[in-house]
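Shown below: data03.txt, with compact mmCIF, C-alpha atoms.
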```
# COMPACT_ATOMS: atom_id res chain seq x y z
CA MET A 18 -136.30 -74.33 -67.62
CA ARG A 19 -135.34 -72.14 -64.66
CA ARG A 20 -137.34 -72.80 -61.53
CA THR A 21 -139.32 -70.02 -59.92
CA ASN A 22 -139.37 -69.28 -56.20
CA ARG A 23 -142.74 -71.00 -56.06
CA ASP A 24 -141.30 -74.18 -57.59
CA ARG A 25 -138.12 -74.25 -55.48
CA ASP A 26 -137.80 -77.11 -53.01
CA PRO A 27 -136.74 -75.48 -49.70
CA ASP A 28 -134.92 -78.67 -48.71
CA GLN A 29 -132.73 -78.58 -51.83
CA GLY A 30 -130.68 -75.64 -50.56
CA ASP A 31 -130.15 -77.37 -47.22
CA GLU A 32 -128.88 -80.46 -49.02
CA PHE A 33 -126.39 -78.49 -51.11
CA LEU A 34 -125.26 -76.63 -47.99
CA SER A 35 -124.67 -79.86 -46.09
CA ARG A 36 -122.71 -81.34 -48.97
CA LEU A 37 -120.48 -78.28 -49.19
CA LEU A 38 -119.74 -78.54 -45.49
CA ARG A 39 -118.67 -82.14 -46.01
CA GLU A 40 -116.93 -81.93 -49.37
CA GLY A 41 -115.46 -78.42 -49.52
CA VAL A 42 -113.17 -77.76 -52.49
CA ALA A 43 -114.25 -80.90 -54.33
CA ALA A 44 -117.76 -79.53 -54.62
CA GLY A 45 -117.47 -76.79 -57.25
CA GLU A 46 -120.64 -77.86 -59.02
CA ILE A 47 -122.48 -77.99 -55.70
CA ALA A 48 -121.38 -74.44 -54.93
CA ASN A 49 -122.88 -73.34 -58.23
CA GLU A 50 -126.11 -75.12 -57.41
CA LEU A 51 -126.26 -73.49 -53.99
CA LEU A 52 -125.59 -70.08 -55.55
CA SER A 53 -128.59 -70.68 -57.79
CA GLU A 54 -130.68 -71.54 -54.74
CA PHE A 55 -129.72 -68.23 -53.09
CA GLN A 56 -130.55 -66.36 -56.28
CA GLN A 57 -133.98 -67.98 -56.28
CA GLY A 58 -134.89 -67.10 -52.72
CA TYR A 59 -133.01 -69.45 -50.39
CA PRO A 60 -132.41 -67.35 -47.23
CA ILE A 61 -129.16 -65.39 -47.37
CA SER A 62 -128.87 -65.88 -43.61
CA LYS A 63 -128.06 -69.55 -44.30
CA LEU A 64 -124.78 -68.42 -45.83
CA ARG A 65 -123.51 -67.74 -42.31
CA ILE A 66 -123.26 -71.49 -41.79
CA LEU A 67 -120.63 -71.76 -44.53
CA LEU A 68 -118.85 -68.56 -43.60
CA GLY A 69 -118.43 -69.77 -40.02
CA ALA A 70 -117.40 -73.33 -40.89
CA SER A 71 -114.24 -74.89 -39.46
CA ASN A 72 -113.40 -76.26 -42.92
CA LEU A 73 -111.61 -73.47 -44.81
CA GLU A 74 -112.63 -74.94 -48.15
CA ALA A 75 -116.28 -74.65 -47.15
CA VAL A 76 -115.63 -71.07 -46.03
CA ALA A 77 -114.01 -70.35 -49.41
CA ALA A 78 -117.09 -71.71 -51.17
CA GLY A 79 -119.29 -69.53 -49.00
CA VAL A 80 -117.35 -66.34 -49.61
CA TRP A 81 -117.23 -67.08 -53.36
CA ILE A 82 -121.03 -67.40 -53.32
CA ALA A 83 -121.24 -64.09 -51.45
CA SER A 84 -119.05 -62.43 -54.07
CA GLU A 85 -121.30 -63.75 -56.85
CA LEU A 86 -124.41 -62.48 -55.05
CA GLY A 87 -123.09 -58.90 -55.19
CA SER A 88 -124.99 -56.41 -53.06
CA SER A 89 -127.55 -59.11 -52.18
CA ALA A 90 -124.97 -60.47 -49.71
CA ARG A 91 -125.26 -57.34 -47.55
CA PRO A 92 -127.05 -59.26 -44.73
CA VAL A 93 -123.81 -61.21 -44.11
CA PHE A 94 -121.52 -58.21 -44.62
CA ASN A 95 -120.09 -58.36 -41.09
CA GLU A 96 -119.23 -62.03 -41.45
CA ILE A 97 -117.51 -61.37 -44.78
CA ALA A 98 -115.52 -58.50 -43.29
CA GLY A 99 -114.36 -60.82 -40.53
CA LEU A 100 -112.76 -63.05 -43.17
CA LEU A 101 -110.50 -60.37 -44.66
CA HIS A 102 -107.62 -61.72 -42.60
CA SER A 103 -108.40 -65.41 -43.05
CA PRO A 104 -105.38 -67.73 -43.36
CA SER A 105 -106.76 -68.74 -46.77
CA ALA A 106 -105.70 -66.51 -49.67
CA ARG A 107 -108.77 -67.64 -51.63
CA VAL A 108 -111.02 -66.50 -48.83
CA ARG A 109 -109.30 -63.11 -48.60
CA PHE A 110 -109.48 -62.69 -52.38
CA PHE A 111 -113.22 -63.27 -52.64
CA ALA A 112 -113.93 -61.38 -49.43
CA LEU A 113 -112.53 -58.28 -51.16
CA ASP A 114 -114.97 -58.83 -54.02
CA SER A 115 -117.92 -59.07 -51.67
CA ILE A 116 -116.87 -56.09 -49.54
CA HIS A 117 -116.56 -54.05 -52.73
CA SER A 118 -120.11 -54.93 -53.77
CA CYS A 119 -121.69 -54.33 -50.36
CA ALA A 120 -119.70 -51.51 -48.74
CA ARG A 121 -121.35 -48.25 -47.79
CA PRO A 122 -119.69 -44.98 -46.74
CA GLU A 123 -120.46 -45.67 -43.09
CA ASP A 124 -118.54 -48.98 -43.11
CA GLU A 125 -115.27 -47.37 -42.01
CA ASN A 126 -113.87 -50.27 -39.99
CA GLU A 127 -114.65 -52.87 -42.64
CA ILE A 128 -113.11 -50.75 -45.40
CA ARG A 129 -110.01 -50.25 -43.27
CA GLY A 130 -109.67 -54.03 -43.03
CA ALA A 131 -109.88 -54.32 -46.81
CA LEU A 132 -107.25 -51.62 -47.27
CA ASP A 133 -104.80 -53.65 -45.19
CA LEU A 134 -104.65 -56.21 -47.98
CA VAL A 135 -102.61 -53.81 -50.14
CA GLU A 136 -99.73 -55.30 -48.13
CA ASP A 137 -100.95 -58.90 -48.20
CA ARG A 138 -98.33 -61.65 -48.35
CA GLU A 139 -100.05 -63.27 -51.34
CA PRO A 140 -99.44 -61.56 -54.74
CA SER A 141 -102.91 -62.36 -56.08
CA VAL A 142 -104.55 -60.78 -53.03
CA ARG A 143 -102.37 -57.67 -53.31
CA TRP A 144 -103.41 -57.41 -56.96
CA LYS A 145 -107.07 -57.78 -55.99
CA ALA A 146 -106.66 -55.08 -53.34
CA LEU A 147 -105.44 -52.66 -56.00
CA VAL A 148 -108.42 -53.51 -58.20
CA PHE A 149 -110.59 -52.90 -55.14
CA LEU A 150 -109.06 -49.44 -54.69
CA ALA A 151 -109.28 -48.60 -58.38
CA THR A 152 -112.99 -49.35 -58.59
CA LEU A 153 -114.36 -48.43 -55.15
CA PRO A 154 -117.24 -45.90 -55.38
CA VAL A 155 -116.20 -42.29 -54.84
CA ALA A 156 -118.50 -41.87 -51.83
CA VAL A 157 -116.88 -44.82 -50.08
CA VAL A 158 -113.37 -43.56 -50.93
CA ARG A 159 -114.24 -40.13 -49.56
CA ALA A 160 -115.60 -41.52 -46.30
CA ALA A 161 -112.53 -43.74 -45.87
CA ARG A 162 -110.21 -40.81 -46.56
CA GLN A 163 -111.99 -38.61 -44.03
CA ALA A 164 -111.74 -41.33 -41.39
CA ALA A 165 -108.04 -41.91 -42.11
CA ALA A 166 -107.35 -38.17 -42.03
CA LYS A 167 -108.76 -38.01 -38.51
CA SER A 168 -106.94 -41.02 -37.10
CA ALA A 169 -103.59 -40.86 -38.94
CA PRO A 170 -103.41 -37.85 -41.26
CA ASN A 171 -99.80 -38.40 -42.30
CA SER A 172 -100.08 -42.12 -42.94
CA ALA A 173 -99.55 -43.65 -46.36
CA CYS A 174 -103.19 -44.78 -46.24
CA ALA A 175 -104.53 -41.25 -45.71
CA ARG A 176 -102.27 -39.82 -48.39
CA GLY A 177 -103.12 -42.62 -50.77
CA LEU A 178 -106.86 -42.25 -50.29
CA LYS A 179 -106.50 -38.56 -51.09
CA LEU A 180 -104.89 -39.53 -54.39
CA LEU A 181 -107.83 -41.86 -55.09
CA GLU A 182 -110.16 -38.88 -54.99
CA SER A 183 -108.20 -37.32 -57.87
CA SER A 184 -110.51 -36.82 -60.80
CA GLY A 185 -108.78 -34.93 -63.56
CA ALA A 186 -105.64 -34.34 -65.60
CA ARG A 187 -104.49 -31.65 -63.17
CA ASP A 188 -104.03 -34.40 -60.57
CA ALA A 189 -101.71 -36.46 -62.80
CA ALA A 190 -98.59 -34.82 -61.39
CA GLU A 191 -99.56 -35.72 -57.82
CA ILE A 192 -100.28 -39.32 -58.83
CA ALA A 193 -96.95 -39.53 -60.68
CA HIS A 194 -95.22 -38.16 -57.59
CA GLY A 195 -96.94 -40.83 -55.49
CA LEU A 196 -95.71 -43.53 -57.86
CA ALA A 197 -92.15 -42.41 -57.14
CA ASP A 198 -92.55 -42.19 -53.36
CA ARG A 199 -90.27 -44.20 -51.09
CA ASP A 200 -93.27 -45.75 -49.32
CA ILE A 201 -94.40 -48.90 -51.14
CA VAL A 202 -97.93 -48.59 -49.76
CA LEU A 203 -98.33 -45.08 -51.13
CA ARG A 204 -96.94 -46.23 -54.49
CA ARG A 205 -99.63 -48.93 -54.65
CA TYR A 206 -102.37 -46.45 -53.83
CA ALA A 207 -100.97 -44.18 -56.54
CA ALA A 208 -101.16 -47.05 -59.03
CA ALA A 209 -104.83 -47.52 -58.18
CA ALA A 210 -105.36 -43.77 -58.59
CA ALA A 211 -103.63 -43.94 -61.96
CA ALA A 212 -106.14 -46.57 -63.08
CA ARG A 213 -109.04 -44.40 -61.91
CA VAL A 214 -108.01 -41.48 -64.15
CA ALA A 215 -106.70 -43.51 -67.10
CA ASP A 216 -109.69 -42.69 -69.30
CA ARG A 217 -108.87 -38.98 -68.95
CA ASP A 218 -105.10 -39.12 -68.66
CA PRO A 219 -103.30 -42.44 -69.27
CA GLY A 220 -99.90 -40.96 -68.43
CA PRO A 221 -99.77 -42.06 -64.76
CA LEU A 222 -100.88 -45.58 -65.66
CA ARG A 223 -98.10 -45.81 -68.22
CA LEU A 224 -95.66 -44.80 -65.49
CA ALA A 225 -97.09 -47.52 -63.24
CA MET A 226 -96.50 -50.08 -66.00
CA LYS A 227 -92.77 -49.40 -65.61
CA SER A 228 -92.72 -49.84 -61.84
CA GLU A 229 -90.08 -52.06 -60.24
CA ASP A 230 -92.79 -53.38 -57.91
CA GLU A 231 -94.14 -56.50 -59.62
CA THR A 232 -97.57 -56.06 -58.01
CA ILE A 233 -97.91 -52.52 -59.36
CA ARG A 234 -96.54 -53.42 -62.77
CA GLN A 235 -98.86 -56.42 -63.24
CA PHE A 236 -101.86 -54.48 -61.99
CA ALA A 237 -101.08 -51.53 -64.27
CA GLU A 238 -100.60 -53.77 -67.30
CA ASP A 239 -103.94 -55.47 -66.63
CA MET A 240 -105.76 -52.17 -66.15
CA ALA A 241 -104.13 -50.73 -69.26
CA ALA A 242 -105.32 -53.72 -71.28
CA ARG A 243 -108.87 -53.21 -70.02
CA ALA A 244 -108.77 -49.51 -70.79
CA GLY A 245 -107.06 -49.89 -74.15
CA VAL A 246 -104.03 -47.91 -73.02
CA ALA A 247 -100.86 -48.66 -74.99
CA GLU A 248 -97.52 -48.77 -73.18
```
Take the structure I supplied and represent it as structure tokens, if you would.
Amino acid sequence: MRRTNRDRDPDQGDEFLSRLLREGVAAGEIANELLSEFQQGYPISKLRILLGASNLEAVAAGVWIASELGSSARPVFNEIAGLLHSPSARVRFFALDSIHSCARPEDENEIRGALDLVEDREPSVRWKALVFLATLPVAVVRAARQAAAKSAPNSACARGLKLLESSGARDAAEIAHGLADRDIVLRRYAAAAAARVADRDPGPLRLAMKSEDETIRQFAEDMAARAGVAE
């Protein structure tokens, strides 16, 4: 039987938190238990203790919990954003998940930090960054594009964000052109844009599936599988 907030022992969350700080990666079950505590009313502010830990495994557990909490993790949004350039690939991966769930149009600096991970050194994080771009709410994309257009209008980021706002078959040619650009960053943005319009025009996503860039190709194949798009 699931405990209610009234039945929850307030000391239980503290115990799980302390154990995670000590045991880190070996404490997967404890992380699940602590997640349950947060879901039942344990103060989200306590998550800052894990996110600021010196033990990277404890930090990874904390950011995973934040990603599972979705928009409920908004109170620790700034701390999560500060982990986007963590030395741990696991931390960066789950930080992207949490930023995606919590970001608002006004979070320009935090979104910019997430966009940097399109060029991450770790393939799994690059892949996650493309998923992030492909699924980011339109309002957030628009705000990020407007900010990029002001600061660096000719950058690959600004051009790529413009492609992400594409919403119909008439934009397929521009996305296809982006996929063939010499700039690898713009090509990755174009792949994310291709995934965004795949339900209306799968052509660009099929092009992305043939990319020489392994990150783009793997991402496109995964998105095509989700969307039921044949090669």
Quiz item: For Ser172 (chain A), which of A:Phe149, A:Tyr206, A:Phe33, A:Trp144 is the closest residue, counting all atoms listed in the file?
Solution: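 Under the stated criterion, the closest residue is A:Tyr206.
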Self-check item: Residue among A:Ala211, A:Ser53, A:Ser105, A:Ala120 lying closest to Arg138 (chain A), counting all atoms listed in the file
Solution: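 Result for the nearest residue to Arg138 (chain A): A:Ser105.
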Exercise. Could you tell me how far CA of Ser71 (chain A) lies from CA of Arg121 (chain A), in Å and to one decimal?
Key: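 CA of Arg121 (chain A) lies at a distance of 28.8 Å from CA of Ser71 (chain A).
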Quiz item: Interatomic distance between CA of Pro104 (chain A) and CA of Ala77 (chain A)?
Solution: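 Between CA of Pro104 (chain A) and CA of Ala77 (chain A) the gap is 10.9 Å.
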Please provide as a PDB file with C-alpha atoms, in the frame of the given file all residues within 9 Å of Val80 (chain A), with the sequence filter that same-chain residues fewer than 6 positions apart are discarded (counting all atoms listed in the file).
```pdb
ATOM      1  CA  LEU A  64    -124.780 -68.420 -45.830  1.00  0.00           C
ATOM      2  CA  LEU A  67    -120.630 -71.760 -44.530  1.00  0.00           C
ATOM      3  CA  LEU A  68    -118.850 -68.560 -43.600  1.00  0.00           C
ATOM      4  CA  ILE A  97    -117.510 -61.370 -44.780  1.00  0.00           C
ATOM      5  CA  LEU A 100    -112.760 -63.050 -43.170  1.00  0.00           C
ATOM      6  CA  ARG A 107    -108.770 -67.640 -51.630  1.00  0.00           C
ATOM      7  CA  VAL A 108    -111.020 -66.500 -48.830  1.00  0.00           C
ATOM      8  CA  ARG A 109    -109.300 -63.110 -48.600  1.00  0.00           C
ATOM      9  CA  PHE A 111    -113.220 -63.270 -52.640  1.00  0.00           C
ATOM     10  CA  ALA A 112    -113.930 -61.380 -49.430  1.00  0.00           C
ATOM     11  CA  SER A 115    -117.920 -59.070 -51.670  1.00  0.00           C
TER      12      SER A 115
END
```
Exercise. Quick one: everything within 10 Å of region 234-244 of chain A, counting all atoms listed in the file, minus sequence neighbours fewer than 3 positions away in the same chain. Send it as an MDAnalysis selection string.
Key: chainID A and resid 140:141 143:148 151 205 208:209 211:213 215:216 219 221:231 247:248
Quiz item: What does the distance from CA of Leu101 (chain A) to CA of Val158 (chain A) come to in Å, to one decimal?
Solution: 18.2 Å
Practice problem: For each of A:Ala156, A:Val76, A:Ile233, A:Ile128, take the minimum atom-to-atom distance to Arg39 (chain A), counting only C-alpha atoms, then give the residue where this is smallest. | Solution: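 Looking at the shortest contact to Arg39 (chain A), the residue is A:Val76.
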Counting all atoms listed in the file, which residues sit no farther than 10 Å from the position (-123.6, -76.7, -56.5) in the file's frame? I'd like them as a PDB file with C-alpha atoms, keeping the file's coordinate frame.
```pdb
ATOM      1  CA  GLY A  30    -130.680 -75.640 -50.560  1.00  0.00           C
ATOM      2  CA  GLU A  32    -128.880 -80.460 -49.020  1.00  0.00           C
ATOM      3  CA  PHE A  33    -126.390 -78.490 -51.110  1.00  0.00           C
ATOM      4  CA  LEU A  34    -125.260 -76.630 -47.990  1.00  0.00           C
ATOM      5  CA  ARG A  36    -122.710 -81.340 -48.970  1.00  0.00           C
ATOM      6  CA  LEU A  37    -120.480 -78.280 -49.190  1.00  0.00           C
ATOM      7  CA  ALA A  44    -117.760 -79.530 -54.620  1.00  0.00           C
ATOM      8  CA  GLY A  45    -117.470 -76.790 -57.250  1.00  0.00           C
ATOM      9  CA  GLU A  46    -120.640 -77.860 -59.020  1.00  0.00           C
ATOM     10  CA  ILE A  47    -122.480 -77.990 -55.700  1.00  0.00           C
ATOM     11  CA  ALA A  48    -121.380 -74.440 -54.930  1.00  0.00           C
ATOM     12  CA  ASN A  49    -122.880 -73.340 -58.230  1.00  0.00           C
ATOM     13  CA  GLU A  50    -126.110 -75.120 -57.410  1.00  0.00           C
ATOM     14  CA  LEU A  51    -126.260 -73.490 -53.990  1.00  0.00           C
ATOM     15  CA  LEU A  52    -125.590 -70.080 -55.550  1.00  0.00           C
ATOM     16  CA  SER A  53    -128.590 -70.680 -57.790  1.00  0.00           C
ATOM     17  CA  GLU A  54    -130.680 -71.540 -54.740  1.00  0.00           C
ATOM     18  CA  ALA A  78    -117.090 -71.710 -51.170  1.00  0.00           C
TER      19      ALA A  78
END
```
Exercise. Identify which of the residues A:Ala70, A:Ala189, A:Ile82, A:Leu134 lies closest to Arg217 (chain A), counting all atoms listed in the file when measuring atom-to-atom distances.
Key: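 Distance minimum relative to Arg217 (chain A) lands on A:Ala189.
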Can you tell me, as lines of an AutoDock Vina configuration file, the centre and edge lengths (Å, one decimal) of the axis-aligned box enclosing all of region 185-200 of chain A's listed atoms after padding each side by 8 Å?
```
center_x = -99.5
center_y = -38.7
center_z = -57.5
size_x = 34.5
size_y = 30.1
size_z = 32.3
```
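Ranking A:Asn126, A:His117, A:Val155, A:Asn72 by their shortest atom-to-atom distance to Arg91 (chain A), with all atoms listed in the file included, puts A:His117 first.
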Practice problem: Could you check which of A:Ser89, A:Asn95, A:Ser183, A:Thr232 is closest to Arg204 (chain A), using all atoms listed in the file? | Solution: A:Thr232
Quiz item: Any idea what's packed within 12 Å of Ala165 (chain A), counting all atoms listed in the file, ignoring anything in its chain fewer than 5 positions away? Could you give it as a PyMOL selection string?
Solution: chain A and resi 125-126+128-129+132+158-160+170-179
Write region 165-184 of chain A as a JSON list (two decimals), in the coordinates of the input, completed to N, CA and C atoms.
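Everything below was put into result08.json:
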```json
[["chain", "number", "residue", "atom", "x", "y", "z"],
["A", 165, "ALA", "N", -109.49, -41.76, -42.23],
["A", 165, "ALA", "CA", -108.04, -41.91, -42.11],
["A", 165, "ALA", "C", -107.38, -40.58, -41.76],
["A", 166, "ALA", "N", -107.91, -39.50, -42.31],
["A", 166, "ALA", "CA", -107.35, -38.17, -42.03],
["A", 166, "ALA", "C", -107.50, -37.80, -40.55],
["A", 167, "LYS", "N", -108.54, -38.30, -39.93],
["A", 167, "LYS", "CA", -108.76, -38.01, -38.51],
["A", 167, "LYS", "C", -107.85, -38.86, -37.61],
["A", 168, "SER", "N", -107.69, -40.12, -37.97],
["A", 168, "SER", "CA", -106.94, -41.02, -37.10],
["A", 168, "SER", "C", -105.43, -41.00, -37.35],
["A", 169, "ALA", "N", -105.03, -40.85, -38.61],
["A", 169, "ALA", "CA", -103.59, -40.86, -38.94],
["A", 169, "ALA", "C", -103.37, -40.03, -40.20],
["A", 170, "PRO", "N", -103.44, -38.73, -40.09],
["A", 170, "PRO", "CA", -103.41, -37.85, -41.26],
["A", 170, "PRO", "C", -102.16, -37.94, -42.11],
["A", 171, "ASN", "N", -101.05, -38.34, -41.54],
["A", 171, "ASN", "CA", -99.80, -38.40, -42.30],
["A", 171, "ASN", "C", -99.44, -39.81, -42.78],
["A", 172, "SER", "N", -100.36, -40.74, -42.55],
["A", 172, "SER", "CA", -100.08, -42.12, -42.94],
["A", 172, "SER", "C", -100.14, -42.29, -44.45],
["A", 173, "ALA", "N", -99.50, -43.34, -44.93],
["A", 173, "ALA", "CA", -99.55, -43.65, -46.36],
["A", 173, "ALA", "C", -100.99, -43.91, -46.80],
["A", 174, "CYS", "N", -101.78, -44.50, -45.92],
["A", 174, "CYS", "CA", -103.19, -44.78, -46.24],
["A", 174, "CYS", "C", -103.95, -43.48, -46.48],
["A", 175, "ALA", "N", -103.82, -42.53, -45.57],
["A", 175, "ALA", "CA", -104.53, -41.25, -45.71],
["A", 175, "ALA", "C", -104.08, -40.51, -46.96],
["A", 176, "ARG", "N", -102.79, -40.50, -47.20],
["A", 176, "ARG", "CA", -102.27, -39.82, -48.39],
["A", 176, "ARG", "C", -102.70, -40.53, -49.65],
["A", 177, "GLY", "N", -102.71, -41.86, -49.60],
["A", 177, "GLY", "CA", -103.12, -42.62, -50.77],
["A", 177, "GLY", "C", -104.59, -42.45, -51.09],
["A", 178, "LEU", "N", -105.42, -42.44, -50.06],
["A", 178, "LEU", "CA", -106.86, -42.25, -50.29],
["A", 178, "LEU", "C", -107.14, -40.87, -50.87],
["A", 179, "LYS", "N", -106.34, -39.90, -50.50],
["A", 179, "LYS", "CA", -106.50, -38.56, -51.09],
["A", 179, "LYS", "C", -106.21, -38.62, -52.58],
["A", 180, "LEU", "N", -105.19, -39.38, -52.97],
["A", 180, "LEU", "CA", -104.89, -39.53, -54.39],
["A", 180, "LEU", "C", -106.04, -40.21, -55.14],
["A", 181, "LEU", "N", -106.72, -41.14, -54.45],
["A", 181, "LEU", "CA", -107.83, -41.86, -55.09],
["A", 181, "LEU", "C", -109.00, -40.95, -55.40],
["A", 182, "GLU", "N", -109.09, -39.83, -54.71],
["A", 182, "GLU", "CA", -110.16, -38.88, -54.99],
["A", 182, "GLU", "C", -109.81, -37.99, -56.19],
["A", 183, "SER", "N", -108.60, -38.11, -56.69],
["A", 183, "SER", "CA", -108.20, -37.32, -57.87],
["A", 183, "SER", "C", -109.14, -37.63, -59.02],
["A", 184, "SER", "N", -109.49, -36.60, -59.77],
["A", 184, "SER", "CA", -110.51, -36.82, -60.80],
["A", 184, "SER", "C", -110.21, -36.16, -62.14]]
```
